[in-house]
$ cat final-v4.txt   # compact mmCIF, C-alpha atoms
# COMPACT_ATOMS: atom_id res chain seq x y z
CA MET A 1 -10.04 115.97 51.51
CA LYS A 2 -12.02 119.20 52.05
CA LYS A 3 -8.84 121.26 51.39
CA MET A 4 -8.19 119.32 48.17
CA ALA A 5 -11.79 119.84 47.03
CA LYS A 6 -11.60 123.58 47.75
CA LYS A 7 -8.29 123.77 45.87
CA ALA A 8 -9.74 121.92 42.85
CA LEU A 9 -12.79 124.17 42.83
CA SER A 10 -10.56 127.24 42.94
CA VAL A 11 -8.58 125.95 39.93
CA VAL A 12 -11.81 125.38 37.97
CA LEU A 13 -13.08 128.86 38.79
CA ILE A 14 -9.78 130.43 37.73
CA MET A 15 -9.81 128.48 34.44
CA MET A 16 -13.39 129.60 33.75
CA MET A 17 -12.43 133.23 34.42
CA VAL A 18 -9.43 132.96 32.10
CA LEU A 19 -11.48 131.36 29.33
CA SER A 20 -14.18 134.02 29.66
CA MET A 21 -11.55 136.75 29.42
CA VAL A 22 -9.99 135.12 26.35
CA SER A 23 -13.36 134.76 24.61
CA PHE A 24 -13.83 138.54 24.67
CA ASP A 25 -10.64 138.88 22.60
CA LEU A 26 -11.68 136.32 19.93
CA PRO A 27 -13.35 137.55 16.71
CA VAL A 28 -17.09 136.99 16.55
CA TYR A 29 -18.08 135.43 13.23
CA ALA A 30 -21.57 135.84 11.84
CA GLY A 31 -23.77 132.80 11.78
CA GLU A 32 -26.26 131.98 9.02
CA GLY A 33 -28.61 134.92 8.48
CA ASP A 34 -26.79 137.09 11.05
CA THR A 35 -26.01 140.70 10.21
CA TYR A 36 -22.95 142.50 11.57
CA GLY A 37 -21.06 145.72 11.16
CA ILE A 38 -17.44 145.43 10.05
CA THR A 39 -14.58 147.77 9.20
CA GLY A 40 -12.56 147.69 5.99
CA THR A 41 -9.45 149.39 4.68
CA ALA A 42 -9.29 150.56 1.06
CA SER A 43 -6.02 150.72 -0.85
CA SER A 44 -6.77 154.38 -1.66
CA SER A 45 -8.42 156.87 0.68
CA MET A 46 -10.20 158.32 -2.36
CA PHE A 47 -12.19 155.10 -2.59
CA ALA A 48 -12.52 154.40 1.15
CA MET A 49 -15.77 152.84 2.38
CA ASP A 50 -17.59 153.19 5.69
CA ASN A 51 -20.81 151.95 7.33
CA ILE A 52 -20.00 148.45 6.10
CA VAL A 53 -22.60 145.81 6.93
CA VAL A 54 -22.45 142.10 6.08
CA THR A 55 -25.13 139.41 6.20
CA GLU A 56 -24.09 135.76 6.05
CA LEU A 57 -26.04 133.56 3.64
CA ALA A 58 -26.99 129.91 4.00
CA ASP A 59 -24.06 128.79 1.82
CA GLY A 60 -21.50 130.61 3.97
CA THR A 61 -21.02 133.52 1.55
CA TYR A 62 -22.00 137.11 2.29
CA MET A 63 -24.01 140.04 1.05
CA ILE A 64 -22.22 143.30 1.75
CA ARG A 65 -23.51 146.88 1.90
CA MET A 66 -21.04 149.77 2.10
CA HIS A 67 -21.04 153.55 1.79
CA GLN A 68 -18.45 155.58 -0.08
CA ASN A 69 -16.68 158.16 2.08
CA ARG A 70 -16.27 160.63 -0.76
CA THR A 71 -18.80 161.31 -3.50
CA ASN A 72 -16.66 160.76 -6.58
CA ARG A 73 -17.53 157.49 -8.33
CA ASN A 74 -20.92 155.82 -8.48
CA VAL A 75 -20.12 152.77 -10.64
CA LEU A 76 -18.17 149.81 -9.26
CA ALA A 77 -16.95 146.72 -11.15
CA LEU A 78 -15.73 143.66 -9.23
CA THR A 79 -12.58 143.05 -11.26
CA ASP A 80 -8.90 143.95 -11.28
CA ASP A 81 -9.02 144.32 -15.09
CA VAL A 82 -9.57 147.94 -16.12
CA THR A 83 -10.30 146.96 -19.71
CA LYS A 84 -13.02 144.50 -18.77
CA ALA A 85 -14.58 147.07 -16.45
CA THR A 86 -14.46 149.82 -19.09
CA GLU A 87 -15.89 147.62 -21.85
CA HIS A 88 -18.65 146.39 -19.51
CA GLU A 89 -17.54 142.76 -19.84
CA VAL A 90 -18.36 142.38 -16.14
CA ASP A 91 -21.40 143.55 -14.19
CA TRP A 92 -21.45 147.14 -12.96
CA TYR A 93 -22.84 147.91 -9.50
CA VAL A 94 -24.36 151.39 -9.50
CA GLY A 95 -24.27 153.26 -6.19
CA THR A 96 -27.47 154.69 -4.78
CA GLY A 97 -28.37 157.50 -2.40
CA ASP A 98 -26.00 160.15 -1.12
CA GLY A 99 -22.43 159.26 -1.09
CA TYR A 100 -22.93 156.41 -2.66
CA THR A 101 -24.11 153.06 -1.21
CA PHE A 102 -23.10 149.82 -2.96
CA VAL A 103 -24.49 146.32 -2.40
CA PHE A 104 -22.96 143.15 -3.86
CA HIS A 105 -22.06 139.54 -3.08
CA ILE A 106 -18.69 138.30 -1.74
CA GLN A 107 -17.35 134.81 -1.03
CA ASN A 108 -15.81 135.43 2.39
CA LEU A 109 -14.57 138.09 4.80
CA THR A 110 -10.87 137.26 4.56
CA THR A 111 -10.11 137.68 0.85
CA PRO A 112 -9.58 141.32 -0.21
CA VAL A 113 -12.25 142.65 -2.57
CA SER A 114 -10.78 143.83 -5.88
CA TYR A 115 -12.70 146.47 -7.83
CA CYS A 116 -12.43 149.33 -10.33
CA MET A 117 -14.56 152.47 -10.16
CA SER A 118 -15.94 155.11 -12.48
CA SER A 119 -19.01 157.31 -12.77
CA LEU A 120 -21.89 157.44 -15.19
CA ASP A 121 -20.82 160.84 -16.55
CA ARG A 122 -17.23 159.63 -17.11
CA ILE A 123 -18.54 156.54 -18.88
CA GLU A 124 -20.75 158.67 -21.13
CA ALA A 125 -17.67 160.77 -21.94
CA GLY A 126 -15.83 157.65 -23.04
CA ASN A 127 -13.30 157.63 -20.19
CA ALA A 128 -11.82 154.41 -18.83
CA PHE A 129 -12.42 153.06 -15.35
CA GLY A 130 -9.86 153.89 -12.69
CA ASN A 131 -7.03 151.63 -11.60
CA PRO A 132 -7.87 148.53 -9.53
CA GLN A 133 -8.49 149.06 -5.83
CA THR A 134 -8.71 146.60 -2.94
CA LEU A 135 -10.88 146.64 0.15
CA THR A 136 -9.58 144.53 3.04
CA LEU A 137 -12.16 143.62 5.66
CA ASP A 138 -11.22 143.06 9.29
CA PRO A 139 -13.13 140.01 10.63
CA GLU A 140 -12.01 140.81 14.18
CA SER A 141 -13.97 144.07 14.00
CA LEU A 142 -17.34 142.30 13.58
CA THR A 143 -19.89 143.92 15.90
CA GLU A 144 -23.60 143.61 16.41
CA THR A 145 -25.66 146.15 14.51
CA ASP A 146 -29.24 147.36 14.28
CA ALA A 147 -28.88 147.73 10.51
CA ASN A 148 -31.28 145.83 8.30
CA PRO A 149 -30.00 142.57 6.80
CA VAL A 150 -28.36 143.00 3.40
CA THR A 151 -30.47 141.41 0.65
CA ALA A 152 -29.88 140.67 -3.02
CA SER A 153 -32.87 142.84 -3.93
CA GLU A 154 -30.83 145.90 -2.91
CA MET A 155 -28.23 145.29 -5.62
CA ASN A 156 -28.43 147.89 -8.38
CA VAL A 157 -26.78 145.92 -11.16
CA SER A 158 -26.07 146.95 -14.74
CA LYS A 159 -25.54 143.53 -16.33
CA ARG A 160 -22.49 142.87 -18.46
CA ILE A 161 -22.84 143.40 -22.20
CA SER A 162 -21.99 140.50 -24.49
CA LYS A 163 -19.24 141.39 -26.91
CA THR A 164 -20.55 141.04 -30.45
CA ASN A 165 -18.48 141.07 -33.61
CA SER A 166 -19.15 140.51 -37.26
CA VAL A 167 -16.83 138.13 -39.07
CA THR A 168 -16.59 136.66 -42.54
CA THR A 169 -15.99 133.03 -43.44
CA THR A 170 -12.97 132.16 -45.54
CA SER A 171 -14.37 128.95 -46.95
CA VAL A 172 -16.75 126.09 -46.56
CA ALA A 173 -15.09 122.86 -47.66
CA VAL A 174 -15.77 119.15 -47.62
CA GLU A 175 -13.38 117.10 -45.53
CA THR A 176 -11.32 116.29 -48.64
CA GLY A 177 -10.42 119.95 -48.85
CA LYS A 178 -12.48 120.77 -51.93
CA VAL A 179 -14.11 124.17 -51.55
CA SER A 180 -17.89 124.06 -51.87
CA GLY A 181 -19.57 127.36 -52.67
CA MET A 182 -22.89 125.55 -52.33
CA TYR A 183 -22.64 125.84 -48.55
CA THR A 184 -20.95 129.24 -48.27
CA MET A 185 -22.16 131.44 -45.40
CA ASP A 186 -22.24 135.24 -45.25
CA ASN A 187 -23.46 137.98 -42.87
CA VAL A 188 -21.82 136.16 -39.97
CA VAL A 189 -22.31 137.72 -36.51
CA ALA A 190 -20.81 136.25 -33.33
CA THR A 191 -21.80 137.15 -29.77
CA LYS A 192 -19.43 136.10 -26.98
CA LEU A 193 -21.13 134.58 -23.93
CA SER A 194 -20.08 134.73 -20.28
CA ASP A 195 -18.48 131.26 -20.47
CA GLY A 196 -16.23 132.29 -23.36
CA THR A 197 -18.20 130.45 -26.04
CA TYR A 198 -20.16 132.08 -28.85
CA LEU A 199 -23.54 132.21 -30.48
CA VAL A 200 -23.11 132.58 -34.23
CA ARG A 201 -25.75 133.78 -36.67
CA MET A 202 -24.99 133.17 -40.33
CA HIS A 203 -26.82 133.34 -43.63
CA GLN A 204 -26.58 130.73 -46.35
CA ALA A 205 -25.46 132.38 -49.57
CA SER A 206 -27.09 129.71 -51.74
CA VAL A 207 -30.63 128.53 -50.99
CA ASN A 208 -30.33 124.73 -50.98
CA ARG A 209 -30.38 123.14 -47.51
CA ASN A 210 -32.34 124.26 -44.45
CA LEU A 211 -31.19 121.63 -41.92
CA LEU A 212 -27.76 121.69 -40.27
CA ALA A 213 -26.29 119.13 -37.86
CA LEU A 214 -23.13 119.94 -35.87
CA THR A 215 -21.35 116.63 -36.42
CA ASP A 216 -18.78 114.99 -38.69
CA ASP A 217 -20.85 111.78 -38.73
CA LYS A 218 -23.41 111.87 -41.54
CA ASP A 219 -25.05 108.71 -40.20
CA LYS A 220 -25.73 110.37 -36.84
CA ALA A 221 -27.05 113.41 -38.68
CA THR A 222 -29.30 111.28 -40.89
CA SER A 223 -30.68 109.24 -37.97
CA HIS A 224 -31.33 112.45 -36.02
CA SER A 225 -29.10 111.22 -33.18
CA VAL A 226 -27.86 114.80 -32.85
CA ASP A 227 -29.76 118.08 -32.79
CA TRP A 228 -30.78 119.62 -36.09
CA TYR A 229 -30.63 123.40 -36.49
CA LYS A 230 -33.32 124.58 -38.88
CA GLY A 231 -32.65 127.61 -41.04
CA THR A 232 -35.21 130.42 -41.08
CA GLY A 233 -36.15 133.23 -43.42
CA ASP A 234 -34.92 133.65 -46.96
CA GLY A 235 -31.67 132.06 -47.68
CA TYR A 236 -31.51 130.48 -44.89
CA THR A 237 -30.31 131.98 -41.58
CA PHE A 238 -28.86 129.63 -38.96
CA VAL A 239 -28.03 130.35 -35.30
CA ILE A 240 -25.66 127.83 -33.71
CA PRO A 241 -23.45 127.51 -30.60
CA VAL A 242 -19.70 127.64 -31.29
CA ALA A 243 -17.01 126.80 -28.73
CA SER A 244 -14.35 129.02 -30.32
CA LEU A 245 -13.94 131.18 -33.40
CA ASP A 246 -10.37 129.88 -33.73
CA GLU A 247 -11.51 126.36 -34.61
CA PRO A 248 -13.39 125.28 -37.75
CA VAL A 249 -17.04 124.31 -37.36
CA ILE A 250 -17.83 120.85 -38.72
CA PHE A 251 -21.37 120.15 -39.91
CA CYS A 252 -23.57 118.12 -42.26
CA MET A 253 -26.57 119.55 -44.13
CA SER A 254 -29.83 118.40 -45.63
CA SER A 255 -33.34 119.71 -46.22
CA GLU A 256 -36.76 118.78 -44.91
CA SER A 257 -37.82 117.55 -48.35
CA ARG A 258 -34.76 115.29 -48.63
CA VAL A 259 -35.29 113.93 -45.11
CA GLU A 260 -38.94 113.13 -45.88
CA ALA A 261 -37.78 111.33 -49.03
CA GLY A 262 -35.47 109.17 -46.90
CA ASN A 263 -32.23 110.62 -48.29
CA ALA A 264 -29.10 110.83 -46.16
CA PHE A 265 -27.47 114.05 -44.99
CA GLY A 266 -24.60 115.34 -47.11
CA ASN A 267 -20.90 114.78 -46.40
CA PRO A 268 -19.27 116.71 -43.53
CA MET A 269 -18.40 120.34 -44.26
CA LYS A 270 -15.84 122.61 -42.59
CA LEU A 271 -16.57 126.27 -41.89
CA THR A 272 -13.57 128.50 -41.11
CA PHE A 273 -13.87 132.01 -39.64
CA ASP A 274 -11.57 134.75 -40.89
CA LEU A 275 -10.64 136.48 -37.61
CA SER A 276 -8.78 139.23 -39.47
CA THR A 277 -12.20 140.57 -40.48
CA LEU A 278 -13.54 140.88 -36.92
CA SER A 279 -15.28 144.22 -36.45
CA PRO A 280 -17.74 145.56 -33.84
CA SER A 281 -21.41 144.99 -34.57
CA ASP A 282 -24.56 146.62 -33.22
CA GLU A 283 -26.36 143.27 -33.46
CA THR A 284 -26.63 140.75 -30.64
CA VAL A 285 -27.22 137.05 -31.26
CA LEU A 286 -29.70 135.63 -28.76
CA GLU A 287 -30.13 132.05 -27.62
CA SER A 288 -33.85 132.37 -28.31
CA GLU A 289 -33.02 132.69 -32.03
CA MET A 290 -31.80 129.09 -32.23
CA ASN A 291 -34.36 126.99 -34.08
CA ILE A 292 -33.51 123.53 -32.75
CA LEU A 293 -35.11 120.24 -33.69
CA PRO A 294 -33.90 118.16 -30.71
CA ALA A 295 -32.17 114.86 -31.31
CA VAL A 296 -34.46 111.84 -31.33
CA LYS A 297 -33.35 109.30 -28.74
CA ASN A 298 -33.57 105.53 -29.06
CA ALA A 299 -36.67 103.92 -27.63
CA ASP A 300 -36.45 102.04 -24.33
CA TYR A 301 -36.56 98.27 -24.94
CA SER A 302 -36.35 97.24 -21.27
CA LYS A 303 -39.97 95.99 -21.23
CA VAL A 304 -39.29 93.92 -24.34
CA GLU A 305 -36.21 92.40 -22.72
CA ALA A 306 -38.22 91.57 -19.59
CA ALA A 307 -40.93 89.95 -21.70
CA LEU A 308 -38.38 87.89 -23.67
CA ALA A 309 -36.95 86.62 -20.38
CA LYS A 310 -40.35 85.02 -19.66
CA VAL A 311 -40.38 82.97 -22.88
CA PRO A 312 -39.76 79.27 -22.04
CA GLU A 313 -36.60 77.82 -23.52
CA ASP A 314 -38.48 74.75 -24.75
CA LEU A 315 -41.71 75.56 -26.56
CA SER A 316 -42.09 71.98 -27.87
CA VAL A 317 -44.05 70.96 -24.77
CA TYR A 318 -46.81 73.43 -25.67
CA THR A 319 -49.44 73.12 -28.30
CA ASP A 320 -48.32 74.09 -31.78
CA GLU A 321 -50.83 76.91 -32.01
CA THR A 322 -49.91 78.62 -28.71
CA ALA A 323 -46.17 78.07 -29.26
CA LYS A 324 -46.41 79.64 -32.71
CA ALA A 325 -48.17 82.67 -31.19
CA VAL A 326 -45.15 83.21 -28.96
CA THR A 327 -42.59 82.84 -31.76
CA ASP A 328 -44.64 85.16 -33.97
CA ALA A 329 -44.76 87.79 -31.19
CA VAL A 330 -40.99 87.53 -30.69
CA SER A 331 -40.33 87.75 -34.45
CA ALA A 332 -42.54 90.83 -34.74
CA VAL A 333 -40.21 92.97 -32.57
CA VAL A 334 -38.60 95.77 -34.58
CA TYR A 335 -35.39 97.11 -33.07
CA ASP A 336 -33.64 100.51 -33.27
CA LEU A 337 -36.86 102.48 -33.16
CA LYS A 338 -36.77 106.02 -31.72
CA ASP A 339 -38.46 107.29 -28.59
CA ASN A 340 -41.26 108.84 -30.61
CA GLU A 341 -42.37 105.22 -31.24
CA GLN A 342 -42.05 104.10 -27.61
CA GLU A 343 -45.73 103.10 -27.52
CA ARG A 344 -45.12 100.71 -30.42
CA VAL A 345 -42.10 99.21 -28.65
CA ASP A 346 -44.10 98.69 -25.46
CA GLY A 347 -46.75 97.00 -27.61
CA PHE A 348 -44.21 94.38 -28.67
CA ALA A 349 -43.59 93.59 -24.99
CA SER A 350 -47.30 93.33 -24.24
CA ALA A 351 -47.84 90.97 -27.18
CA ILE A 352 -45.05 88.65 -26.05
CA GLU A 353 -46.32 88.56 -22.46
CA ALA A 354 -49.89 87.86 -23.64
CA ALA A 355 -48.70 85.01 -25.87
CA VAL A 356 -46.63 83.49 -23.05
CA SER A 357 -49.59 83.69 -20.67
CA ALA A 358 -51.75 81.88 -23.23
CA LEU A 359 -49.38 78.91 -23.67
CA VAL A 360 -51.13 75.55 -23.34
CA LEU A 361 -49.26 72.34 -22.52
CA LYS A 362 -49.73 69.39 -24.83
CA GLU A 363 -51.78 66.52 -23.48
CA THR A 364 -49.67 63.47 -22.64
CA GLU A 365 -50.91 59.91 -23.14
CA GLU A 366 -50.80 57.79 -20.02
CA THR A 367 -48.76 54.59 -20.35
CA PRO A 368 -50.96 51.44 -19.70
CA VAL A 369 -50.09 49.46 -16.58
$ encode --input "final-v4.txt" --output "structure tokens"
Amino acid sequence: MKKMAKKALSVVLIMMMVLSMVSFDLPVYAGEGDTYGITGTASSSMFAMDNIVVTELADGTYMIRMHQNRTNRNVLALTDDVTKATEHEVDWYVGTGDGYTFVFHIQNLTTPVSYCMSSLDRIEAGNAFGNPQTLTLDPESLTETDANPVTASEMNVSKRISKTNSVTTTSVAVETGKVSGMYTMDNVVATKLSDGTYLVRMHQASVNRNLLALTDDKDKATSHSVDWYKGTGDGYTFVIPVASLDEPVIFCMSSESRVEAGNAFGNPMKLTFDLSTLSPSDETVLESEMNILPAVKNADYSKVEAALAKVPEDLSVYTDETAKAVTDAVSAVVYDLKDNEQERVDGFASAIEAAVSALVLKETEETPV
């Protein structure tokens, strides 16, 4: 038994030694908040990077800091599209210090980082960014480092510039196809956003309606179930979101005076952009320019429904006066009110509950024995 125990112990010790030896050969991955040095290989020695440091973030992604071996380009764009980099359709990361040092965010350590590079003087001269490069990190080279953790505050970012174009409209027509010059728009400027959609600023050629609803349902427009965009200035000028310049924009129009008079919005109109007229513009359409009157939502009638559920099915057993108070309270409810009259709706519920609480049973005559 003693020999068997010694033999078993020897096997365990050998296995522990083997496992400890193997663990030295496994890559060490950074835990949350840990900072490590790592090596990386660039596709071109001209754009090689050294002194690479990564810090893992709470979501498992990384901040990376790296130094350029050769002082030749101090602007880096995280894209494999030279045109997008050159036209500043993506963020530029501007190197700092001697050499230069770049800091940016990456998803993981295993996917090669694609980037294009240039320099501020080349950009000012109108030259394009260089061809796409890749930096491949080696996770097995992770080593402990005394370097400071990489933080987002170190990023020196020149934010992407929205592409803005001016464009004319070919026509504004009612859904029947009849052209309506009454709603013609001019001075149209479109700014492309990061998600591929646009903000469009346009001026009404004829001063007649200052409220615009992006819907083909005039009833929804009239009831304010959708947002209203209010025109500003002389003319009027509207700023609206547009999914694509390739598709017509459908809208209904009215004016504040017509709305106050209880008149409905006009029939749906169709605005078509003439993309052949696209030309660069120095203007930028901002989201803050949108003058939105938010849609009015329906009031919440849940309290009314709860109060109605408390009304007895048979009111004949109650005195005529108290029963009538209940039926009057129920009949007084006005439906389809908007949330700006929620207090009134809740008042209906309170009146019903008060009437139900005040119900008095009729007196019954006792039958003689």
$ residues_around --input "final-v4.txt" --residues "Tyr93 of chain A" --least-positions-apart "3" --cutoff "7 Å" --atoms "all atoms listed in the file" --output "list in words"
Val75, Leu76, Ala77, Phe102, Asn156, Val157 and Ser158 of chain A
$ closest_residue --input "final-v4.txt" --among "A:Val239, A:Leu275, A:Ala355, A:Glu363" --to "Ser288 of chain A" --atoms "only C-alpha atoms"
A:Val239
$ closest_atom_pairs --input "final-v4.txt" --of "segment 251-353 of chain A" --to "segment 200-209 of chain A" --cutoff "7 Å" --atoms "only C-alpha atoms" --output "Markdown table"
| residue | atom | partner | partner_atom | distance |
| --- | --- | --- | --- | --- |
| A:Met253 | CA | A:Arg209 | CA | 6.2 |
| A:Ser254 | CA | A:Arg209 | CA | 5.1 |
| A:Ser255 | CA | A:Arg209 | CA | 4.7 |
| A:Val285 | CA | A:Arg201 | CA | 6.5 |
$ closest_residue --input "final-v4.txt" --among "A:Cys116, A:Val189, A:Leu212, A:Met63" --to "Ser153 of chain A" --atoms "only C-alpha atoms"
A:Met63
$ residues_near_point --input "final-v4.txt" --point "(-41.5, 72.1, -22.4)" --cutoff "12 Å" --atoms "all atoms listed in the file" --output "list in words"
Val311, Pro312, Glu313, Asp314, Leu315, Ser316, Val317, Tyr318, Thr319, Asp320, Ala323, Leu359, Val360, Leu361, Lys362, Glu363 and Thr364 of chain A
$ closest_residue --input "final-v4.txt" --among "A:Ala221, A:Val188, A:Leu142, A:Val330" --to "Leu278 of chain A" --atoms "only C-alpha atoms"
A:Val188
$ residues_near_point --input "final-v4.txt" --point "(-15.5, 151.3, -14.4)" --cutoff "10 Å" --atoms "only C-alpha atoms" --output "MDAnalysis selection string"
chainID A and resid 73:79 81:88 90:93 115:120 122:123 127:132
$ residues_around --input "final-v4.txt" --residues "Tyr198 of chain A" --least-positions-apart "4" --cutoff "7 Å" --atoms "all atoms listed in the file" --output "PDB file with C-alpha atoms, in the frame of the given file"
ATOM      1  CA  ALA A 190     -20.810 136.250 -33.330  1.00  0.00           C
ATOM      2  CA  THR A 191     -21.800 137.150 -29.770  1.00  0.00           C
ATOM      3  CA  LYS A 192     -19.430 136.100 -26.980  1.00  0.00           C
ATOM      4  CA  LEU A 193     -21.130 134.580 -23.930  1.00  0.00           C
ATOM      5  CA  PRO A 241     -23.450 127.510 -30.600  1.00  0.00           C
ATOM      6  CA  VAL A 242     -19.700 127.640 -31.290  1.00  0.00           C
ATOM      7  CA  ALA A 243     -17.010 126.800 -28.730  1.00  0.00           C
ATOM      8  CA  SER A 244     -14.350 129.020 -30.320  1.00  0.00           C
TER       9      SER A 244
END
$ closest_residue --input "final-v4.txt" --among "A:Glu89, A:Val334, A:Ala309, A:Ser302" --to "Asp195 of chain A" --atoms "all atoms listed in the file"
A:Glu89
$ residues_around --input "final-v4.txt" --residues "Ala147 of chain A" --least-positions-apart "2" --cutoff "12 Å" --atoms "only C-alpha atoms" --output "list in words"
Asp34, Thr35, Tyr36, Gly37, Ile38, Asn51, Ile52, Val53, Val54, Thr55, Ile64, Arg65, Met66, Thr143, Glu144, Thr145, Pro149, Val150 and Thr151 of chain A
$ atom_distance --input "final-v4.txt" --atom1 "atom CA of Phe251 of chain A" --atom2 "atom CA of Ser180 of chain A"
13.1 Å
$ atom_distance --input "final-v4.txt" --atom1 "atom CA of Glu154 of chain A" --atom2 "atom CA of Phe104 of chain A"
8.4 Å
$ atom_distance --input "final-v4.txt" --atom1 "atom CA of Met185 of chain A" --atom2 "atom CA of Asn291 of chain A"
17.2 Å
$ closest_residue --input "final-v4.txt" --among "A:Ala48, A:Asp121, A:Leu245, A:Ala325" --to "Thr277 of chain A" --atoms "only C-alpha atoms"
A:Leu245
$ decode --input "final-v4.txt" --residues "segment 56-62 of chain A" --atoms "all heavy atoms" --output "compact mmCIF listing (two decimals), in the first residue's frame"
# COMPACT_ATOMS: atom_id res chain seq x y z
N GLU A 56 -7.36 46.51 -21.51
CA GLU A 56 -8.67 45.91 -21.73
C GLU A 56 -9.74 46.69 -20.98
O GLU A 56 -9.57 47.06 -19.82
CB GLU A 56 -8.71 44.45 -21.30
CG GLU A 56 -10.01 43.76 -21.68
CD GLU A 56 -10.01 42.27 -21.39
OE1 GLU A 56 -9.07 41.80 -20.72
OE2 GLU A 56 -10.95 41.59 -21.84
N LEU A 57 -10.87 46.93 -21.65
CA LEU A 57 -11.99 47.65 -21.05
C LEU A 57 -13.00 46.67 -20.49
O LEU A 57 -12.92 45.47 -20.72
CB LEU A 57 -12.64 48.55 -22.10
CG LEU A 57 -11.69 49.54 -22.80
CD1 LEU A 57 -12.45 50.39 -23.80
CD2 LEU A 57 -10.97 50.44 -21.79
N ALA A 58 -13.98 47.21 -19.77
CA ALA A 58 -14.96 46.37 -19.10
C ALA A 58 -15.79 45.53 -20.07
O ALA A 58 -16.26 44.45 -19.72
CB ALA A 58 -15.89 47.24 -18.25
N ASP A 59 -15.97 46.03 -21.31
CA ASP A 59 -16.78 45.30 -22.29
C ASP A 59 -15.97 44.31 -23.12
O ASP A 59 -16.48 43.74 -24.08
CB ASP A 59 -17.51 46.28 -23.21
CG ASP A 59 -16.55 47.15 -24.02
OD1 ASP A 59 -15.32 47.01 -23.84
OD2 ASP A 59 -17.02 47.96 -24.84
N GLY A 60 -14.69 44.13 -22.76
CA GLY A 60 -13.86 43.16 -23.47
C GLY A 60 -13.14 43.73 -24.67
O GLY A 60 -12.36 43.01 -25.32
N THR A 61 -13.37 45.01 -25.00
CA THR A 61 -12.63 45.66 -26.08
C THR A 61 -11.38 46.30 -25.51
O THR A 61 -11.12 46.20 -24.30
CB THR A 61 -13.51 46.71 -26.78
OG1 THR A 61 -13.88 47.72 -25.82
CG2 THR A 61 -14.78 46.06 -27.34
N TYR A 62 -10.62 46.98 -26.36
CA TYR A 62 -9.32 47.48 -25.91
C TYR A 62 -9.08 48.92 -26.35
O TYR A 62 -9.55 49.35 -27.40
CB TYR A 62 -8.18 46.61 -26.48
CG TYR A 62 -8.16 45.20 -25.96
CD1 TYR A 62 -8.98 44.22 -26.53
CD2 TYR A 62 -7.34 44.84 -24.90
CE1 TYR A 62 -8.98 42.93 -26.05
CE2 TYR A 62 -7.34 43.54 -24.42
CZ TYR A 62 -8.16 42.59 -24.99
OH TYR A 62 -8.16 41.31 -24.52
